[in-house]
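As provided, entry_1.cif (mmCIF, C-alpha atoms) reads as follows.
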```cif
data_query
#
loop_
_atom_site.label_atom_id
_atom_site.label_comp_id
_atom_site.auth_asym_id
_atom_site.auth_seq_id
_atom_site.Cartn_x
_atom_site.Cartn_y
_atom_site.Cartn_z
CA MET V 63 -4.28 -24.84 -17.97
CA ASN V 64 -0.57 -24.28 -18.28
CA SER V 65 1.98 -23.76 -15.53
CA GLU V 66 2.16 -20.00 -16.11
CA PHE V 67 -1.52 -19.66 -15.30
CA VAL V 68 -1.19 -21.73 -12.13
CA VAL V 69 1.80 -19.72 -10.90
CA GLU V 70 0.17 -16.34 -11.48
CA VAL V 71 -3.12 -17.32 -9.88
CA ALA V 72 -1.20 -18.74 -6.91
CA LEU V 73 0.70 -15.46 -6.59
CA ILE V 74 -2.55 -13.50 -6.56
CA ALA V 75 -4.01 -15.89 -3.98
CA PHE V 76 -0.94 -15.51 -1.74
CA LEU V 77 -1.14 -11.72 -2.12
CA ILE V 78 -4.72 -11.64 -0.86
CA ILE V 79 -4.12 -14.20 1.89
CA PHE V 80 -1.14 -12.29 3.28
CA ALA V 81 -3.09 -9.02 3.12
CA LEU V 82 -5.95 -10.60 5.09
CA LEU V 83 -3.48 -12.03 7.61
CA ALA V 84 -1.83 -8.61 8.00
CA VAL V 85 -5.22 -7.14 8.84
CA GLU V 86 -6.59 -9.92 11.03
CA LEU V 87 -3.67 -11.27 13.06
CA LYS V 88 -3.91 -10.19 16.67
CA LYS V 89 -0.20 -9.94 17.41
CA LEU V 90 1.12 -6.84 15.71
CA ALA V 91 4.59 -8.29 15.07
CA TYR V 92 3.07 -11.18 13.11
CA ALA V 93 0.84 -8.74 11.23
CA VAL V 94 3.86 -6.66 10.20
CA VAL V 95 5.76 -9.76 9.06
CA SER V 96 2.72 -10.77 7.02
CA LEU V 97 2.67 -7.30 5.47
CA GLY V 98 6.30 -7.77 4.47
CA LEU V 99 5.47 -11.10 2.86
CA MET V 100 2.61 -9.42 1.00
CA SER V 101 4.98 -6.77 -0.34
CA THR V 102 7.40 -9.49 -1.43
CA VAL V 103 4.68 -11.36 -3.32
CA LEU V 104 3.59 -8.07 -4.89
CA SER V 105 7.17 -7.49 -6.06
CA ILE V 106 7.18 -10.91 -7.72
CA ILE V 107 3.88 -10.02 -9.42
CA PHE V 108 5.42 -6.77 -10.68
CA TYR V 109 8.32 -8.76 -12.09
CA VAL V 110 5.90 -11.13 -13.81
CA LEU V 111 4.12 -8.11 -15.28
CA TYR V 112 7.36 -6.92 -16.95
CA ALA V 113 8.07 -4.15 -14.46
CA PRO V 114 11.52 -5.05 -13.08
CA TYR V 115 12.42 -1.55 -11.85
CA VAL V 116 9.17 -1.29 -9.92
CA ALA V 117 9.68 -4.79 -8.51
CA VAL V 118 13.16 -4.00 -7.20
CA ILE V 119 12.17 -0.64 -5.73
CA ASN V 120 9.04 -2.13 -4.14
CA LEU V 121 11.14 -4.90 -2.62
CA LEU V 122 13.70 -2.43 -1.27
CA VAL V 123 11.30 0.14 0.08
CA TYR V 124 8.11 -1.62 1.14
CA ALA V 125 9.41 -5.08 1.97
CA GLY V 126 12.61 -3.67 3.51
CA ALA V 127 12.76 -0.16 4.87
CA VAL V 128 9.10 0.28 5.80
CA ILE V 129 8.96 -3.07 7.59
CA VAL V 130 12.07 -2.18 9.58
CA LEU V 131 10.40 1.13 10.55
CA PHE V 132 7.25 -0.75 11.61
CA LEU V 133 9.27 -3.12 13.77
CA ALA V 134 11.21 -0.23 15.32
CA VAL V 135 7.98 1.56 16.25
CA LEU V 136 6.54 -1.71 17.60
CA SER V 137 9.55 -2.21 19.83
CA LEU V 138 9.24 1.38 21.10
CA THR V 139 5.52 1.23 21.83
CA GLY V 140 5.56 -1.86 24.01
CA PRO V 141 3.21 -4.84 23.91
CA SER V 142 -0.01 -4.62 21.99
CA GLU V 143 -3.18 -3.99 23.91
CA GLU V 144 -5.40 -5.13 21.13
CA GLY V 145 -5.80 -8.69 22.31
CA LYS V 146 -6.95 -7.64 25.77
CA LYS V 147 -9.44 -5.11 24.56
CA GLU V 148 -11.11 -7.44 22.08
CA LYS V 149 -13.08 -9.09 24.85
CA LYS V 150 -15.01 -5.93 25.45
CA TYR V 151 -17.42 -6.08 22.56
CA ASP V 152 -18.37 -2.64 21.37
CA VAL V 153 -21.58 -3.17 19.38
CA THR V 154 -21.97 0.41 18.20
CA ALA V 155 -18.46 0.60 16.81
CA GLU V 156 -18.80 -2.75 15.07
CA ILE V 157 -22.13 -1.88 13.47
CA SER V 158 -21.12 1.61 12.36
CA GLY V 159 -17.82 0.31 10.98
CA GLY V 160 -19.59 -2.49 9.14
CA VAL V 161 -22.20 -0.15 7.63
CA LEU V 162 -19.48 2.27 6.53
CA PHE V 163 -17.52 -0.58 4.99
CA ILE V 164 -20.55 -1.90 3.09
CA ILE V 165 -21.40 1.56 1.73
CA ILE V 166 -17.83 2.14 0.55
CA ALA V 167 -17.68 -1.36 -0.96
CA VAL V 168 -20.90 -0.83 -2.93
CA ILE V 169 -19.65 2.52 -4.24
CA LEU V 170 -16.31 0.99 -5.16
CA VAL V 171 -17.88 -1.93 -7.03
CA GLN V 172 -20.13 0.52 -8.88
CA VAL V 173 -17.14 2.67 -9.85
CA LEU V 174 -15.20 -0.42 -10.93
CA ILE V 175 -18.02 -1.68 -13.14
CA THR V 176 -18.52 1.73 -14.71
CA SER V 177 -14.83 2.30 -15.27
CA TYR V 178 -14.40 -1.19 -16.70
CA ILE V 179 -17.09 -0.52 -19.28
CA GLY V 180 -15.46 2.83 -20.02
CA LEU V 181 -12.09 1.17 -20.25
CA GLN V 182 -13.25 -1.29 -22.86
CA PHE V 183 -14.57 1.63 -24.85
CA VAL V 184 -11.28 3.47 -24.48
CA TYR V 185 -9.14 0.50 -25.42
CA GLY V 186 -11.47 -0.40 -28.25
CA LYS V 187 -11.97 2.85 -30.02
CA ALA V 188 -11.17 6.25 -28.75
CA LEU V 189 -7.75 6.61 -27.23
CA ASN V 190 -4.45 5.84 -28.82
CA LEU V 191 -2.32 4.63 -25.97
CA PRO V 192 0.82 6.70 -25.63
CA GLU V 193 3.92 5.07 -27.12
CA LEU V 194 3.69 1.48 -26.05
CA VAL V 195 7.05 -0.23 -26.12
CA SER V 196 8.00 -3.84 -26.58
CA PHE V 197 8.86 -6.17 -23.74
CA GLN V 198 12.59 -6.02 -24.52
CA ASP V 199 12.83 -2.22 -24.50
CA ILE V 200 11.04 -1.60 -21.22
CA LEU V 201 14.16 -1.13 -19.06
CA LYS V 202 15.66 1.49 -21.36
CA ASN V 203 12.34 3.26 -21.79
CA VAL V 204 11.54 3.47 -18.08
CA ALA V 205 14.96 4.98 -17.42
CA GLN V 206 14.47 7.44 -20.27
CA SER V 207 11.01 8.27 -19.06
CA ILE V 208 12.25 8.99 -15.54
CA TRP V 209 15.30 11.05 -16.44
CA GLN V 210 13.93 12.92 -19.44
CA ILE V 211 10.17 13.37 -19.13
CA ARG V 212 9.61 13.25 -15.38
CA VAL V 213 12.86 14.69 -14.06
CA ILE V 214 11.04 17.49 -12.20
CA ASP V 215 8.90 14.90 -10.40
CA VAL V 216 11.97 12.93 -9.40
CA LEU V 217 13.66 16.03 -8.00
CA ILE V 218 10.51 17.04 -6.12
CA GLN V 219 10.23 13.50 -4.79
CA ALA V 220 13.80 13.62 -3.57
CA MET V 221 13.05 16.87 -1.79
CA ALA V 222 9.83 15.46 -0.32
CA LEU V 223 11.66 12.39 0.96
CA PHE V 224 14.39 14.58 2.45
CA VAL V 225 11.80 16.71 4.22
CA ALA V 226 9.98 13.58 5.42
CA GLY V 227 13.25 12.25 6.77
CA LEU V 228 13.91 15.51 8.58
CA GLY V 229 10.36 15.45 9.95
CA VAL V 230 10.73 11.91 11.22
CA ALA V 231 14.07 12.77 12.82
CA ALA V 232 12.51 15.82 14.48
CA LEU V 233 9.59 13.79 15.79
CA PHE V 234 11.79 10.99 17.12
CA ARG V 235 14.02 13.49 18.91
CA ARG V 236 13.54 13.82 22.63
CA GLU V 237 13.28 17.16 24.27
CA ARG V 238 16.29 18.29 26.26
CA GLY V 239 15.98 16.90 29.74
CA GLU V 240 13.02 14.68 28.84
CA LYS V 241 13.12 11.33 30.54
CA GLU V 242 12.15 7.93 29.27
CA MET P 136 0.45 -13.36 -18.53
CA ILE P 137 -3.07 -14.22 -17.44
CA GLY P 138 -5.89 -11.85 -18.29
CA LEU P 139 -6.15 -8.28 -17.11
CA ASN P 140 -9.34 -9.09 -15.21
CA TRP P 141 -7.48 -11.25 -12.68
CA TYR P 142 -5.18 -8.44 -11.72
CA LEU P 143 -7.95 -5.85 -11.65
CA GLY P 144 -9.96 -8.19 -9.42
CA ALA P 145 -6.99 -8.76 -7.13
CA SER P 146 -6.44 -5.03 -6.90
CA ALA P 147 -10.11 -4.43 -6.06
CA ILE P 148 -10.02 -7.11 -3.35
CA LEU P 149 -6.84 -5.62 -1.88
CA TYR P 150 -8.48 -2.21 -1.88
CA LEU P 151 -11.50 -3.61 -0.05
CA VAL P 152 -9.25 -5.31 2.50
CA GLY P 153 -7.49 -1.99 3.13
CA LEU P 154 -10.80 -0.15 3.49
CA TYR P 155 -12.10 -2.83 5.85
CA CYS P 156 -8.98 -2.42 7.96
CA LEU P 157 -9.40 1.36 8.10
CA ALA P 158 -13.10 1.11 8.93
CA THR P 159 -13.03 -1.52 11.65
CA LYS P 160 -9.61 -1.58 13.34
CA ARG P 161 -8.90 0.70 16.27
CA ASN P 162 -5.17 0.22 16.66
CA LEU P 163 -3.15 2.99 14.98
CA ILE P 164 -0.51 0.61 13.63
CA LYS P 165 -3.23 -1.60 12.13
CA MET P 166 -4.69 1.48 10.44
CA ILE P 167 -1.29 2.36 8.95
CA ILE P 168 -1.04 -1.24 7.68
CA GLY P 169 -4.44 -0.64 6.01
CA ILE P 170 -3.13 2.52 4.34
CA GLU P 171 -0.15 0.61 2.99
CA ILE P 172 -2.42 -2.12 1.60
CA LEU P 173 -4.47 0.60 -0.15
CA ILE P 174 -1.31 2.08 -1.70
CA ASN P 175 -0.21 -1.36 -2.90
CA ALA P 176 -3.62 -1.97 -4.50
CA ALA P 177 -3.33 1.27 -6.46
CA HIS P 178 0.18 0.33 -7.65
CA LEU P 179 -0.99 -3.10 -8.80
CA ASN P 180 -3.82 -1.44 -10.74
CA PHE P 181 -1.42 0.96 -12.47
CA ILE P 182 1.00 -1.79 -13.48
CA ALA P 183 -1.73 -4.18 -14.64
CA LEU P 184 -3.45 -1.55 -16.76
CA SER P 185 -0.19 -0.48 -18.39
CA THR P 186 0.67 -4.03 -19.46
CA THR P 187 -1.14 -4.95 -22.64
CA ALA P 188 -0.55 -7.58 -25.26
CA ALA P 189 0.43 -4.86 -27.72
CA GLY P 190 3.19 -3.53 -25.49
CA LEU P 191 4.00 -1.73 -22.28
CA ASP P 192 3.57 1.86 -21.17
CA PRO P 193 6.76 3.09 -19.49
CA LEU P 194 5.12 6.23 -18.11
CA ALA P 195 2.81 4.27 -15.78
CA ARG P 196 5.82 2.47 -14.33
CA THR P 197 7.49 5.82 -13.76
CA TYR P 198 4.47 7.05 -11.88
CA VAL P 199 4.46 3.95 -9.70
CA ILE P 200 8.15 4.37 -8.88
CA ILE P 201 7.52 7.96 -7.79
CA SER P 202 4.42 6.91 -5.86
CA ILE P 203 6.40 4.23 -3.99
CA GLY P 204 8.80 6.90 -2.76
CA VAL P 205 6.04 9.25 -1.69
CA GLY P 206 4.12 6.40 -0.03
CA ALA P 207 7.18 5.41 1.97
CA GLY P 208 7.49 9.01 3.18
CA VAL P 209 3.84 9.04 4.22
CA ILE P 210 4.17 5.77 6.13
CA ALA P 211 7.34 6.93 7.88
CA LEU P 212 5.72 10.17 8.97
CA ALA P 213 2.58 8.36 10.14
CA LEU P 214 4.68 5.93 12.19
CA SER P 215 6.61 8.72 13.87
CA LEU P 216 3.33 10.47 14.69
CA THR P 217 2.12 7.16 16.14
CA LEU P 218 5.13 7.11 18.39
CA LEU P 219 4.42 10.63 19.60
CA VAL P 220 0.78 9.75 20.25
CA TYR P 221 1.86 6.71 22.25
CA ARG P 222 4.21 8.81 24.36
CA HIS P 223 1.43 11.28 25.05
CA TYR P 224 -1.58 9.01 25.65
CA GLY P 225 0.13 5.76 26.62
CA THR P 226 -2.05 3.78 24.23
CA LEU P 227 -2.53 3.18 20.52
CA ASP P 228 -6.30 2.81 20.71
CA VAL P 229 -7.94 5.55 18.66
CA ARG P 230 -11.07 5.57 20.84
CA LYS P 231 -9.08 6.82 23.78
CA MET P 232 -7.67 9.82 21.94
CA ARG P 233 -10.59 12.12 22.44
CA ARG P 234 -8.90 15.08 24.00
CA LEU P 235 -8.07 17.85 21.54
CA LYS P 236 -5.71 19.62 23.89
CA TRP P 237 -2.15 18.38 24.20
#
```
In structure tokens, what does this structure look like?
Amino acid sequence: MNSEFVVEVALIAFLIIFALLAVELKKLAYAVVSLGLMSTVLSIIFYVLYAPYVAVINLLVYAGAVIVLFLAVLSLTGPSEEGKKEKKYDVTAEISGGVLFIIIAVILVQVLITSYIGLQFVYGKALNLPELVSFQDILKNVAQSIWQIRVIDVLIQAMALFVAGLGVAALFRRERGEKE
Amino acid sequence: MIGLNWYLGASAILYLVGLYCLATKRNLIKMIIGIEILINAAHLNFIALSTTAAGLDPLARTYVIISIGVGAGVIALALSLTLLVYRHYGTLDVRKMRRLKW
């Protein structure tokens, strides 16, 4: 068991722990901070998996901008009511939510098992993976791939983000004469 | 790099955590957190599957970069809708939003 193994397993463990904390913490501000930590750990995992561009962009967008947006919305919506309402135990909602979750989990595990078997077949025999590159060339190749093969996607994404920004600005805007 | 199975397992667990959040939580912001966890699980799956011992697939990384941008747009729009809902109903509890008429 070398140190690399220990570090990567610890990263995965932190990822799952922070995700669970983000879901389960009662105070929403703590949950959002935990989500930011999860995104940071995920960025480190991306870096470990030889995806430095993805790591940097994930860190900037999900651990930075999105968390700031979350905190802004939290400050605008006032204190959380979740803690108060938890005392009222709604049995029907809990049971139906639990049953739904179990059904989806069973389907997901089934799909995962099936796709894993299929994946071994694919990697073993059928498919030639498209143009794998070495670890040293990955930066150059990702840039080439973005600006030569997927340039239409990047432009569409820029437009989509612009429209989303306009939409958010329009939704945040107050009507003329509207009070607090 | 440890085996692919570890990362696929982590991605599956993250996905289940996100689904659990969507199925059981009633606060809108918690549900958006669940959506973001789901998106992150999909990204981890893409990156893990495109990293093999033989080499790396740059196209999968490109897809993830584009998906990060789109996901951020989705989250931003969902948060602004949350704000509107809070101004209208005065709560973030989804059980209390039963009226269809604004």
For this session: Counting only C-alpha atoms, collect the residues of chain P whose closest atom lies at most 7 Å from chain V, and write them out as a PyMOL selection string.
Result: chain P and resi 137+145+149+151-152+154-156+158-159+162+165+186+190-194+196-197+200-201+203+205+207-208+211-212+214-215+218+221
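Distance-wise, atom CA of Tyr109 of chain V and atom CA of Ile182 of chain P end up 10.2 Å apart.
With atom CA of Gly98 of chain V on one side and atom CA of Ile168 of chain P on the other, the separation reads 10.3 Å.
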Exercise. So how many Å separate atom CA of Ile210 of chain P and atom CA of Ser146 of chain P, to one decimal?
Worked result: 20.0 Å
For this session: Evaluate the PyMOL selection byres ((chain P and resi 163) around 8) and record the selected residues as a list of chain:residue names, following the chain and residue labels used in the document.
Result: P:Arg161, P:Asn162, P:Ile164, P:Lys165, P:Met166, P:Ile167, P:Thr217, P:Leu227, P:Asp228, P:Val229
